[in-house]
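start_36.cif follows (mmCIF, C-alpha atoms):
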data_upload
#
loop_
_atom_site.label_atom_id
_atom_site.label_comp_id
_atom_site.auth_asym_id
_atom_site.auth_seq_id
_atom_site.Cartn_x
_atom_site.Cartn_y
_atom_site.Cartn_z
CA MET A 1 -17.47 4.71 -20.75
CA TYR A 2 -14.45 2.61 -19.78
CA ILE A 3 -15.96 0.35 -17.20
CA ALA A 4 -18.91 -2.00 -17.26
CA SER A 5 -21.34 -2.46 -14.44
CA ILE A 6 -19.71 -4.70 -11.84
CA ILE A 7 -21.48 -7.62 -10.25
CA CYS A 8 -19.66 -8.00 -6.98
CA ALA A 9 -19.28 -11.59 -5.83
CA TYR A 10 -16.93 -10.71 -2.99
CA SER A 11 -17.40 -10.07 0.69
CA ARG A 12 -17.74 -6.43 1.73
CA LYS A 13 -16.57 -4.42 4.68
CA SER A 14 -18.32 -1.49 6.27
CA TYR A 15 -15.38 0.40 7.76
CA MET A 16 -12.48 2.56 6.57
CA TYR A 17 -9.70 4.63 8.05
CA THR A 18 -11.00 8.08 8.96
CA SER A 19 -7.80 9.31 10.63
CA PHE A 20 -4.31 7.93 11.12
CA ARG A 21 -1.47 8.74 13.49
CA ALA A 22 2.19 7.69 13.22
CA GLN A 23 4.60 8.17 16.11
CA ASN A 24 8.35 7.48 15.82
CA PHE A 25 7.93 5.81 12.42
CA ARG A 26 10.63 6.69 9.86
CA GLY A 27 10.55 10.49 9.42
CA PHE A 28 7.42 10.92 11.55
CA ARG A 29 8.02 11.87 15.18
CA ASP A 30 4.32 12.54 15.73
CA PHE A 31 2.18 12.90 12.63
CA GLU A 32 -1.58 12.82 12.22
CA LEU A 33 -3.72 12.70 9.09
CA ASN A 34 -7.40 13.58 9.40
CA ASP A 35 -10.42 13.84 7.10
CA ILE A 36 -9.51 10.65 5.23
CA ASP A 37 -12.06 9.54 2.63
CA ARG A 38 -12.45 6.67 0.18
CA ILE A 39 -10.03 7.98 -2.48
CA ASN A 40 -6.94 9.73 -1.12
CA LEU A 41 -4.11 11.29 -3.10
CA ILE A 42 -0.93 12.23 -1.21
CA ALA A 43 1.30 14.95 -2.70
CA GLY A 44 4.39 16.79 -1.57
CA ARG A 45 8.06 17.40 -2.19
CA ASN A 46 10.68 14.67 -2.18
CA ASN A 47 11.39 13.33 1.30
CA SER A 48 8.15 14.75 2.69
CA GLY A 49 6.99 11.31 3.86
CA LYS A 50 4.47 10.36 1.16
CA THR A 51 5.58 6.74 0.71
CA ALA A 52 6.42 6.38 4.41
CA LEU A 53 2.86 7.37 5.34
CA MET A 54 1.40 4.65 3.12
CA GLU A 55 3.93 2.15 4.48
CA ALA A 56 2.87 3.00 8.03
CA MET A 57 -0.77 2.32 7.11
CA TYR A 58 0.23 -0.85 5.27
CA VAL A 59 2.06 -2.15 8.33
CA HIS A 60 -0.82 -1.12 10.60
CA SER A 61 -3.34 -2.97 8.44
CA GLY A 62 -1.50 -6.24 9.07
CA ASN A 63 1.37 -6.55 6.61
CA ARG A 64 4.90 -7.34 7.77
CA GLU A 65 6.71 -7.64 4.44
CA PRO A 66 10.52 -7.26 4.67
CA LYS A 67 10.67 -4.86 1.72
CA THR A 68 8.20 -2.59 3.55
CA LEU A 69 9.93 -2.79 6.91
CA LEU A 70 13.44 -2.29 5.57
CA ARG A 71 12.69 -0.56 2.25
CA THR A 72 15.75 -1.57 0.27
CA ARG A 73 16.22 -3.20 -3.11
CA SER A 74 18.75 -5.59 -1.59
CA LEU A 75 15.73 -7.16 0.11
CA MET A 76 14.81 -8.81 -3.21
CA SER A 77 16.99 -11.70 -2.13
CA PHE A 78 15.34 -11.79 1.28
CA GLU A 79 11.94 -11.79 -0.42
CA TYR A 80 12.97 -14.74 -2.55
CA PHE A 81 13.90 -16.77 0.50
CA LEU A 82 10.91 -15.70 2.57
CA VAL A 83 8.25 -16.37 -0.08
CA ARG A 84 9.65 -19.76 -0.96
CA GLY A 85 10.52 -20.86 2.56
CA ILE A 86 14.19 -21.27 1.64
CA ARG A 87 16.99 -20.52 4.03
CA GLY A 88 19.80 -18.85 2.16
CA THR A 89 22.54 -16.30 2.43
CA VAL A 90 23.04 -12.80 1.08
CA ASN A 91 25.96 -10.41 0.98
CA SER A 92 26.79 -9.04 4.41
CA SER A 93 26.95 -5.60 2.79
CA ASP A 94 23.23 -5.91 2.02
CA ILE A 95 22.16 -6.32 5.64
CA VAL A 96 20.09 -3.48 7.04
CA SER A 97 19.19 -2.91 10.68
CA TRP A 98 15.67 -2.51 12.01
CA SER A 99 16.81 0.97 13.05
CA SER A 100 15.77 2.32 9.62
CA LEU A 101 12.16 1.83 10.69
CA PHE A 102 12.46 4.15 13.71
CA SER A 103 12.43 7.94 13.73
CA ASP A 104 16.01 9.26 13.89
CA PHE A 105 17.10 5.58 14.10
CA ARG A 106 16.31 5.60 17.82
CA THR A 107 15.27 2.01 18.44
CA GLU A 108 14.83 2.64 22.15
CA ASN A 109 11.63 4.56 21.32
CA GLU A 110 8.50 2.54 20.60
CA ILE A 111 6.64 3.05 17.34
CA THR A 112 2.88 3.55 17.67
CA LEU A 113 0.60 3.43 14.64
CA SER A 114 -3.05 4.14 15.40
CA ALA A 115 -6.14 4.66 13.30
CA ARG A 116 -9.74 5.59 13.82
CA LEU A 117 -12.24 3.49 11.91
CA ASP A 118 -15.62 4.71 10.82
CA LYS A 119 -18.49 3.83 13.12
CA LYS A 120 -20.22 1.52 10.65
CA SER A 121 -17.95 -1.38 11.57
CA LYS A 122 -19.79 -4.66 12.08
CA GLN A 123 -16.66 -6.66 12.91
CA PRO A 124 -16.83 -7.87 16.54
CA HIS A 125 -13.13 -7.20 17.26
CA TYR A 126 -13.34 -3.66 15.90
CA ASP A 127 -15.67 -2.42 18.61
CA LYS A 128 -13.08 0.16 19.67
CA ALA A 129 -13.15 3.62 18.11
CA SER A 130 -9.42 3.33 17.37
CA VAL A 131 -6.97 0.48 16.86
CA SER A 132 -3.28 0.82 17.73
CA LEU A 133 -0.23 -1.19 16.72
CA ASN A 134 2.91 -0.94 18.85
CA ILE A 135 6.30 -1.85 17.37
CA ARG A 136 9.45 -2.22 19.40
CA LYS A 137 12.91 -3.64 18.97
CA VAL A 138 13.32 -6.43 21.51
CA SER A 139 16.18 -5.69 23.87
CA THR A 140 18.65 -8.47 24.57
CA GLU A 141 18.20 -7.53 28.23
CA ARG A 142 14.55 -8.57 28.29
CA ASP A 143 13.76 -11.57 30.44
CA ASP A 144 11.98 -13.32 27.58
CA PHE A 145 14.65 -12.67 24.92
CA VAL A 146 15.93 -16.23 24.98
CA ALA A 147 12.38 -17.58 24.88
CA ILE A 148 11.68 -15.50 21.79
CA LEU A 149 14.83 -16.87 20.16
CA ARG A 150 13.45 -20.36 20.68
CA GLU A 151 10.49 -19.44 18.45
CA PHE A 152 13.00 -19.27 15.62
CA GLU A 153 15.21 -22.13 16.83
CA ALA A 154 18.01 -19.56 16.85
CA GLU A 155 21.06 -19.06 19.03
CA ASP A 156 21.87 -15.80 20.80
CA GLU A 157 24.23 -14.12 18.36
CA ASP A 158 25.52 -10.56 18.08
CA ASP A 159 23.99 -9.94 14.66
CA ILE A 160 20.42 -10.93 15.58
CA GLU A 161 17.76 -8.22 15.81
CA ILE A 162 14.14 -8.95 16.72
CA LEU A 163 11.15 -6.73 16.05
CA GLU A 164 7.94 -7.16 18.06
CA PHE A 165 4.44 -6.13 16.92
CA THR A 166 1.48 -5.93 19.29
CA LEU A 167 -2.03 -5.00 18.16
CA ASP A 168 -4.19 -3.72 20.99
CA THR A 169 -7.22 -5.70 19.81
CA ASP A 170 -5.68 -8.99 20.94
CA GLY A 171 -2.38 -8.21 22.72
CA LYS A 172 -0.59 -11.21 21.22
CA PRO A 173 2.98 -10.37 20.16
CA PHE A 174 4.32 -11.21 16.71
CA HIS A 175 8.06 -11.29 16.03
CA VAL A 176 10.28 -10.86 12.99
CA LEU A 177 13.97 -11.75 13.23
CA ILE A 178 16.76 -10.47 11.03
CA SER A 179 20.30 -11.79 11.10
CA GLU A 180 23.31 -11.76 8.81
CA GLU A 181 21.96 -14.62 6.73
CA ARG A 182 18.19 -14.60 6.91
CA ILE A 183 14.95 -12.96 7.89
CA ARG A 184 12.21 -14.97 9.54
CA SER A 185 8.77 -14.48 11.05
CA SER A 186 7.46 -16.19 14.16
CA ARG A 187 4.93 -18.97 13.74
CA SER A 188 2.24 -17.13 15.63
CA ASN A 189 0.00 -15.09 13.36
CA ILE A 190 -0.78 -11.49 14.16
CA GLN A 191 -4.34 -10.50 13.41
CA ASN A 192 -4.79 -8.80 10.05
CA LEU A 193 -6.83 -5.68 10.61
CA ILE A 194 -7.76 -4.99 6.97
CA PRO A 195 -6.80 -6.84 3.76
CA SER A 196 -4.48 -4.63 1.71
CA ASP A 197 -1.98 -4.51 -1.12
CA PHE A 198 0.88 -2.14 -1.98
CA MET A 199 1.98 -1.30 -5.53
CA TYR A 200 5.55 0.00 -5.39
CA THR A 201 7.07 2.21 -8.08
CA GLY A 202 9.14 0.22 -10.55
CA GLU A 203 8.36 -3.11 -8.93
CA PRO A 204 7.45 -5.72 -11.59
CA ALA A 205 4.14 -7.46 -11.12
CA ASP A 206 4.30 -11.04 -9.94
CA ARG A 207 3.27 -13.15 -12.93
CA GLU A 208 1.86 -15.99 -10.84
CA ASP A 209 -0.21 -13.60 -8.73
CA ASN A 210 -1.58 -11.88 -11.82
CA VAL A 211 -2.53 -15.19 -13.44
CA LYS A 212 -4.33 -16.29 -10.29
CA ARG A 213 -6.15 -12.97 -9.99
CA PHE A 214 -7.08 -12.98 -13.67
CA SER A 215 -8.52 -16.48 -13.24
CA ASN A 216 -10.62 -15.25 -10.32
CA MET A 217 -11.93 -12.39 -12.45
CA ARG A 218 -12.71 -14.79 -15.26
CA GLN A 219 -14.63 -17.04 -12.88
CA ALA A 220 -16.60 -14.02 -11.60
CA ASP A 221 -17.20 -12.89 -15.21
CA THR A 222 -15.67 -9.45 -14.58
CA VAL A 223 -12.77 -9.50 -17.07
CA SER A 224 -14.65 -6.91 -19.14
CA VAL A 225 -13.74 -4.36 -16.44
CA LEU A 226 -10.05 -5.08 -16.94
CA ILE A 227 -10.31 -4.99 -20.73
CA GLY A 228 -12.31 -1.75 -20.65
CA ALA A 229 -9.66 -0.09 -18.50
CA LEU A 230 -6.76 -1.28 -20.64
CA GLU A 231 -8.47 -0.01 -23.80
CA MET A 232 -7.59 3.48 -22.52
CA ILE A 233 -3.99 2.74 -23.49
CA GLU A 234 -4.43 0.13 -26.22
CA PRO A 235 -7.65 0.71 -28.20
CA ARG A 236 -6.94 -2.37 -30.34
CA LEU A 237 -7.40 -4.67 -27.35
CA ARG A 238 -10.13 -7.23 -28.09
CA SER A 239 -9.79 -9.99 -25.52
CA MET A 240 -7.46 -11.53 -22.94
CA GLU A 241 -6.74 -15.08 -21.90
CA ILE A 242 -4.21 -17.24 -20.11
CA LEU A 243 -1.74 -18.96 -22.43
CA TYR A 244 1.42 -20.81 -21.38
CA ASP A 245 0.85 -19.83 -17.75
CA ASN A 246 0.81 -16.13 -18.59
CA ILE A 247 -1.81 -13.50 -19.48
CA HIS A 248 -1.97 -12.81 -23.20
CA ALA A 249 -3.84 -10.15 -25.16
CA ASN A 250 -5.49 -10.11 -28.56
CA ILE A 251 -4.81 -6.74 -30.20
CA GLY A 252 -5.63 -7.80 -33.75
CA LEU A 253 -2.21 -9.17 -34.68
CA SER A 254 -1.57 -12.57 -36.23
CA GLN A 255 -0.97 -14.03 -32.76
CA LEU A 256 -1.61 -13.22 -29.11
CA ILE A 257 1.08 -11.33 -27.23
CA SER A 258 1.94 -11.46 -23.55
CA LEU A 259 0.68 -8.70 -21.27
CA SER A 260 4.22 -8.09 -20.04
CA SER A 261 5.30 -7.02 -23.54
CA LEU A 262 2.68 -4.26 -23.84
CA GLY A 263 4.55 -1.61 -21.87
CA VAL A 264 4.71 -0.12 -18.38
CA GLY A 265 1.36 1.69 -18.53
CA MET A 266 -0.62 -1.38 -19.59
CA ASN A 267 1.00 -3.56 -16.98
CA ARG A 268 0.60 -0.99 -14.21
CA ILE A 269 -3.13 -0.52 -14.82
CA ALA A 270 -3.64 -4.28 -15.21
CA GLY A 271 -1.77 -5.00 -12.00
CA LEU A 272 -3.75 -2.34 -10.14
CA ILE A 273 -7.16 -3.62 -11.22
CA LEU A 274 -6.23 -7.26 -10.63
CA ALA A 275 -4.98 -6.36 -7.14
CA MET A 276 -8.12 -4.41 -6.30
CA TYR A 277 -10.31 -7.39 -7.16
CA GLU A 278 -8.20 -9.49 -4.81
CA ILE A 279 -8.75 -7.22 -1.77
CA SER A 280 -12.47 -6.51 -1.84
CA GLY A 281 -13.30 -4.69 1.38
CA GLY A 282 -9.67 -3.69 1.88
CA ILE A 283 -7.14 -0.95 1.15
CA MET A 284 -5.10 -0.35 -2.01
CA PHE A 285 -1.81 1.58 -1.77
CA ILE A 286 -0.25 2.89 -5.00
CA ASP A 287 3.14 4.59 -5.04
CA GLU A 288 3.52 7.25 -7.78
CA ILE A 289 0.26 6.38 -9.49
CA GLU A 290 1.17 8.41 -12.60
CA ASN A 291 4.17 6.18 -13.37
CA GLY A 292 4.04 5.01 -17.01
CA LEU A 293 0.77 6.81 -17.82
CA HIS A 294 0.22 9.55 -20.38
CA TYR A 295 -1.62 12.57 -18.99
CA SER A 296 -4.47 12.05 -21.49
CA VAL A 297 -5.65 8.83 -19.79
CA GLN A 298 -5.34 9.99 -16.18
CA GLU A 299 -8.91 11.20 -15.72
CA ASN A 300 -10.25 7.95 -17.16
CA LEU A 301 -8.01 6.00 -14.80
CA TRP A 302 -9.45 7.84 -11.80
CA ASP A 303 -12.93 7.11 -13.11
CA VAL A 304 -12.16 3.39 -13.25
CA VAL A 305 -10.39 3.31 -9.88
CA GLY A 306 -13.25 5.19 -8.19
CA LYS A 307 -15.96 2.93 -9.57
CA ILE A 308 -14.13 -0.26 -8.62
CA ALA A 309 -13.35 1.15 -5.16
CA ARG A 310 -17.02 1.95 -4.54
CA ASP A 311 -18.35 -1.34 -5.92
CA LEU A 312 -15.84 -3.46 -3.99
CA ASP A 313 -15.82 -1.19 -0.92
CA ILE A 314 -12.08 -0.47 -1.20
CA GLN A 315 -10.24 2.51 0.24
CA VAL A 316 -7.47 3.90 -1.98
CA PHE A 317 -4.29 5.77 -1.07
CA ALA A 318 -1.88 6.93 -3.79
CA THR A 319 1.12 9.24 -4.00
CA THR A 320 1.96 11.58 -6.86
CA HIS A 321 4.43 14.20 -8.07
CA SER A 322 2.15 15.12 -10.97
CA LEU A 323 0.00 18.25 -10.99
CA GLU A 324 -1.84 16.78 -13.98
CA MET A 325 -2.76 13.71 -11.90
CA ILE A 326 -4.19 15.96 -9.17
CA LYS A 327 -6.26 17.90 -11.69
CA ALA A 328 -7.46 14.67 -13.30
CA ALA A 329 -8.64 13.23 -9.98
CA HIS A 330 -10.68 16.31 -9.17
CA ALA A 331 -12.15 16.39 -12.68
CA ALA A 332 -13.17 12.74 -12.41
CA TYR A 333 -15.05 13.17 -9.12
CA LYS A 334 -16.24 16.79 -8.95
CA ASP A 335 -19.68 16.13 -10.47
CA LEU A 336 -20.51 13.00 -8.46
CA PRO A 337 -23.38 13.15 -5.93
CA GLU A 338 -20.86 12.36 -3.18
CA TYR A 339 -17.36 13.82 -3.43
CA ASP A 340 -15.33 11.05 -1.77
CA PHE A 341 -11.89 12.31 -2.83
CA ARG A 342 -9.29 14.04 -0.65
CA LEU A 343 -5.95 15.57 -1.54
CA HIS A 344 -3.42 15.49 1.30
CA ARG A 345 -0.35 17.69 0.86
CA LEU A 346 2.63 16.87 3.11
CA ASP A 347 5.17 19.55 4.02
CA ARG A 348 7.96 20.00 6.52
CA ASN A 349 7.41 22.82 8.97
CA PRO A 350 10.45 25.10 8.45
CA GLY A 351 10.55 25.95 12.14
CA THR A 352 10.31 22.46 13.65
CA ASP A 353 11.21 20.25 10.66
CA GLU A 354 8.13 18.19 11.56
CA ILE A 355 6.04 16.75 8.73
CA GLU A 356 2.54 18.25 8.60
CA ALA A 357 -0.49 17.65 6.40
CA VAL A 358 -2.90 20.01 4.69
CA THR A 359 -6.06 18.31 3.40
CA TYR A 360 -8.27 19.61 0.59
CA ASN A 361 -11.93 18.57 0.43
CA SER A 362 -14.35 19.44 -2.39
CA PHE A 363 -14.51 23.11 -1.34
CA GLY A 364 -10.74 23.39 -1.18
CA MET A 365 -10.27 21.68 -4.53
CA GLU A 366 -12.86 23.93 -6.18
CA SER A 367 -11.03 26.95 -4.80
CA LEU A 368 -7.78 25.69 -6.30
CA ALA A 369 -9.48 24.90 -9.59
CA ALA A 370 -10.84 28.45 -9.78
CA PHE A 371 -7.23 29.62 -10.06
CA ASN A 372 -6.35 26.77 -12.45
CA PHE A 373 -4.36 25.15 -9.63
CA ASP A 374 -1.78 27.94 -9.84
CA PHE A 375 -1.35 27.52 -6.11
CA GLU A 376 1.31 24.81 -5.73
CA VAL A 377 -0.68 21.93 -4.23
CA ARG A 378 2.23 19.53 -4.52
CA GLY A 379 4.09 21.19 -1.68
#
Would you mind writing the structure in this file as structure tokens?
Amino acid sequence: MYIASIICAYSRKSYMYTSFRAQNFRGFRDFELNDIDRINLIAGRNNSGKTALMEAMYVHSGNREPKTLLRTRSLMSFEYFLVRGIRGTVNSSDIVSWSSLFSDFRTENEITLSARLDKKSKQPHYDKASVSLNIRKVSTERDDFVAILREFEAEDEDDIEILEFTLDTDGKPFHVLISEERIRSSRSNIQNLIPSDFMYTGEPADREDNVKRFSNMRQADTVSVLIGALEMIEPRLRSMEILYDNIHANIGLSQLISLSSLGVGMNRIAGLILAMYEISGGIMFIDEIENGLHYSVQENLWDVVGKIARDLDIQVFATTHSLEMIKAAHAAYKDLPEYDFRLHRLDRNPGTDEIEAVTYNSFGMESLAAFNFDFEVRG
């Protein structure tokens, strides 16, 4: 057994996404995903919308991160300025328009992201069966365009683009401005629907965040969960502690070594578990969950992720290109009293070029397993 019994000292939620609809978002003209459960694995060919679907949910849940909205590595510089509150400049060749967020780059069409929540919600502002977020590019012809500019203490310039978010639970607009030199958010805070985190492929974990999260786990006396999970990859692991403002591991050598030096797989699992403990009652998004992991540990990983998700009341969405990862997820959950796993395969309809979803529940997965998954579930 790779995970100890968890004593949850965090607040819980009693709601999850049960369906999600994305209109005019990236490659989705009108896409709907139904039969969503606690653990959700999204598969499909390249450019079938797997990451975009999770990004749509991430934005809907309340996140407005530049790297999510613009999805470009050149945004690393923007992120640096935004996180630290520094106004700086970047190469003009790095600037990306908000148009990349809209289907077919048509910014005149409004984006609508809507989700149905389960009916167990006890949150007073979630009394509606569904919650919608509308996103629009603010036209310079709008009567309030100049007033919005004043939020940012900005002048009306040709290179300025403003994005407006409105959640139907409160109707208060939230704005993000991009110009040639900076990206800024308005001072008004849009309501966060659900706490969430997104683990991007190849993105290094933030050391300061991990240290803070590890400290929280230490205070809650749950570090054994992290150590148990990491033992899947490094059986020599004995203990972990913070040293020189970084997480270090004892693997039986003459001195402790930093977590960052133990390889991609160790760091990816550590970052995932630390992030999940930070968003109790929320949603965890994981892009290409198999990245850096040997196939032999994948079933154990799903076991750990499922147990933490149930104990901390977290909903999980992950993408994969790996048939082994799909098999491992089904193997980890098939004998549980409640099968709370769903596989969602995304494909483009050859006739309409629209992205569509096929969802497999326990019956569907058992049918695939009977043929050793010879049917191509990845799309």
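The nearest approach to His330 of chain A among the residues A:Val304, A:Met365, A:Leu177, A:Leu69, with all atoms listed in the file taken into account, belongs to A:Met365.
Taking atom CA of Arg38 of chain A and atom CA of Pro235 of chain A as endpoints, the distance between them is 29.4 Å.
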List as a ChimeraX atom specification the protein and nucleic acid residues near Ser139 of chain A, meaning an atom at most 10 Å away when only C-alpha atoms are counted, but skip any in the same chain fewer than 4 places from it. /A:107-108,143-145,161-163
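Each of A:Glu241, A:Glu278, A:Asp221, A:Glu180 was compared to Leu312 of chain A using only C-alpha atoms, and A:Glu278 turns out to be the nearest.
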For the structure provided, state which residues fall under the PyMOL selection byres ((chain A and resi 113) around 6), and present them as a PDB file with C-alpha atoms, in the coordinates of the input.
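Written file, out_25.pdb:
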ATOM      1  CA  ARG A  21      -1.470   8.740  13.490  1.00  0.00           C
ATOM      2  CA  ALA A  22       2.190   7.690  13.220  1.00  0.00           C
ATOM      3  CA  THR A 112       2.880   3.550  17.670  1.00  0.00           C
ATOM      4  CA  SER A 114      -3.050   4.140  15.400  1.00  0.00           C
ATOM      5  CA  SER A 132      -3.280   0.820  17.730  1.00  0.00           C
ATOM      6  CA  LEU A 133      -0.230  -1.190  16.720  1.00  0.00           C
TER       7      LEU A 133
END
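Atom CA of Leu272 of chain A is positioned 18.3 Å from atom CA of Ser296 of chain A.
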Can you list what the PyMOL selection byres ((chain A and resi 101) around 12) grabs from this structure, as a PyMOL selection string? chain A and resi 22-29+52+55-56+59+66-72+96-100+102-112+135-137+163
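The closest residue to Met266 of chain A, picked from A:Gly49, A:Gly292, A:Gly44, A:Gly171 and counting all atoms listed in the file, is A:Gly292.
Of note, atom CA of Ile308 of chain A and atom CA of Ala370 of chain A are spaced 28.9 Å apart.
Evaluated against the shown file, the PyMOL selection byres ((chain A and resi 115) around 6) gives A:Ser19, A:Phe20, A:Ser114, A:Arg116, A:Ser130, A:Val131.
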Which polymer residues have any atom within 8 Å of an atom of Ile42 of chain A, counting all atoms listed in the file, with same-chain residues fewer than 6 positions away left out, as a list of chain:residue names? A:Lys50, A:Phe317, A:Ala318, A:Thr319, A:Thr320, A:Leu343, A:His344, A:Arg345, A:Leu346
Of A:Asn134, A:Asn300, A:Gln219, A:Thr201, the one sitting nearest Thr51 of chain A when using all atoms listed in the file is A:Thr201
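Residue nearest Glu32 of chain A within the list A:Val305, A:Ile355, A:Ala270, A:Leu293: A:Ile355 [criterion: smallest interatomic distance, all atoms listed in the file].
Among the candidate residues A:Val316, A:Leu301, A:Leu230, A:Ala328, the one lying nearest to Ile36 of chain A is A:Val316, with distances computed using only C-alpha atoms.
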With a distance cut-off of 12 Å and all atoms listed in the file, select the neighbouring residues of segment 361-363 of chain A, excluding the residue or stretch itself and same-chain residues fewer than 3 positions from it, and output the selection as an NGL selection string. :A and (34-41 or 329-331 or 333-345 or 358 or 366-370)
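Using all atoms listed in the file, the protein and nucleic acid residues lying no more than 8 Å from Met284 of chain A, apart from those fewer than 5 places from it along its own chain, are Ser196, Asp197, Phe198, Met199, Ala275, Met276, Ile279, Ile314, Gln315, Val316 and Phe317 of chain A.
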Segment 43-56 of chain A rebuilt with N, CA and C atoms, output as a PDB file, in the coordinates of the input:
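This went into part_34.pdb:
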ATOM      1  N   ALA A  43       0.328  14.190  -1.910  1.00  0.00           N
ATOM      2  CA  ALA A  43       1.300  14.950  -2.700  1.00  0.00           C
ATOM      3  C   ALA A  43       2.290  15.633  -1.771  1.00  0.00           C
ATOM      4  N   GLY A  44       3.383  16.088  -2.355  1.00  0.00           N
ATOM      5  CA  GLY A  44       4.390  16.790  -1.570  1.00  0.00           C
ATOM      6  C   GLY A  44       5.754  16.679  -2.214  1.00  0.00           C
ATOM      7  N   ARG A  45       6.699  17.417  -1.675  1.00  0.00           N
ATOM      8  CA  ARG A  45       8.060  17.400  -2.190  1.00  0.00           C
ATOM      9  C   ARG A  45       8.725  16.063  -1.894  1.00  0.00           C
ATOM     10  N   ASN A  46       9.885  15.850  -2.504  1.00  0.00           N
ATOM     11  CA  ASN A  46      10.680  14.670  -2.180  1.00  0.00           C
ATOM     12  C   ASN A  46      11.029  14.676  -0.688  1.00  0.00           C
ATOM     13  N   ASN A  47      11.031  13.504  -0.110  1.00  0.00           N
ATOM     14  CA  ASN A  47      11.390  13.330   1.300  1.00  0.00           C
ATOM     15  C   ASN A  47      10.415  14.025   2.247  1.00  0.00           C
ATOM     16  N   SER A  48       9.174  14.170   1.808  1.00  0.00           N
ATOM     17  CA  SER A  48       8.150  14.750   2.690  1.00  0.00           C
ATOM     18  C   SER A  48       7.347  13.663   3.393  1.00  0.00           C
ATOM     19  N   GLY A  49       7.635  12.395   3.119  1.00  0.00           N
ATOM     20  CA  GLY A  49       6.990  11.310   3.860  1.00  0.00           C
ATOM     21  C   GLY A  49       5.811  10.662   3.160  1.00  0.00           C
ATOM     22  N   LYS A  50       5.643  10.887   1.864  1.00  0.00           N
ATOM     23  CA  LYS A  50       4.470  10.360   1.160  1.00  0.00           C
ATOM     24  C   LYS A  50       4.441   8.822   1.184  1.00  0.00           C
ATOM     25  N   THR A  51       5.528   8.211   0.734  1.00  0.00           N
ATOM     26  CA  THR A  51       5.580   6.740   0.710  1.00  0.00           C
ATOM     27  C   THR A  51       5.609   6.184   2.127  1.00  0.00           C
ATOM     28  N   ALA A  52       6.337   6.847   3.017  1.00  0.00           N
ATOM     29  CA  ALA A  52       6.420   6.380   4.410  1.00  0.00           C
ATOM     30  C   ALA A  52       5.053   6.359   5.069  1.00  0.00           C
ATOM     31  N   LEU A  53       4.206   7.340   4.767  1.00  0.00           N
ATOM     32  CA  LEU A  53       2.860   7.370   5.340  1.00  0.00           C
ATOM     33  C   LEU A  53       2.069   6.146   4.886  1.00  0.00           C
ATOM     34  N   MET A  54       2.123   5.832   3.604  1.00  0.00           N
ATOM     35  CA  MET A  54       1.400   4.650   3.120  1.00  0.00           C
ATOM     36  C   MET A  54       1.990   3.375   3.714  1.00  0.00           C
ATOM     37  N   GLU A  55       3.306   3.326   3.866  1.00  0.00           N
ATOM     38  CA  GLU A  55       3.930   2.150   4.480  1.00  0.00           C
ATOM     39  C   GLU A  55       3.477   1.980   5.924  1.00  0.00           C
ATOM     40  N   ALA A  56       3.341   3.083   6.645  1.00  0.00           N
ATOM     41  CA  ALA A  56       2.870   3.000   8.030  1.00  0.00           C
ATOM     42  C   ALA A  56       1.458   2.420   8.077  1.00  0.00           C
TER      43      ALA A  56
END
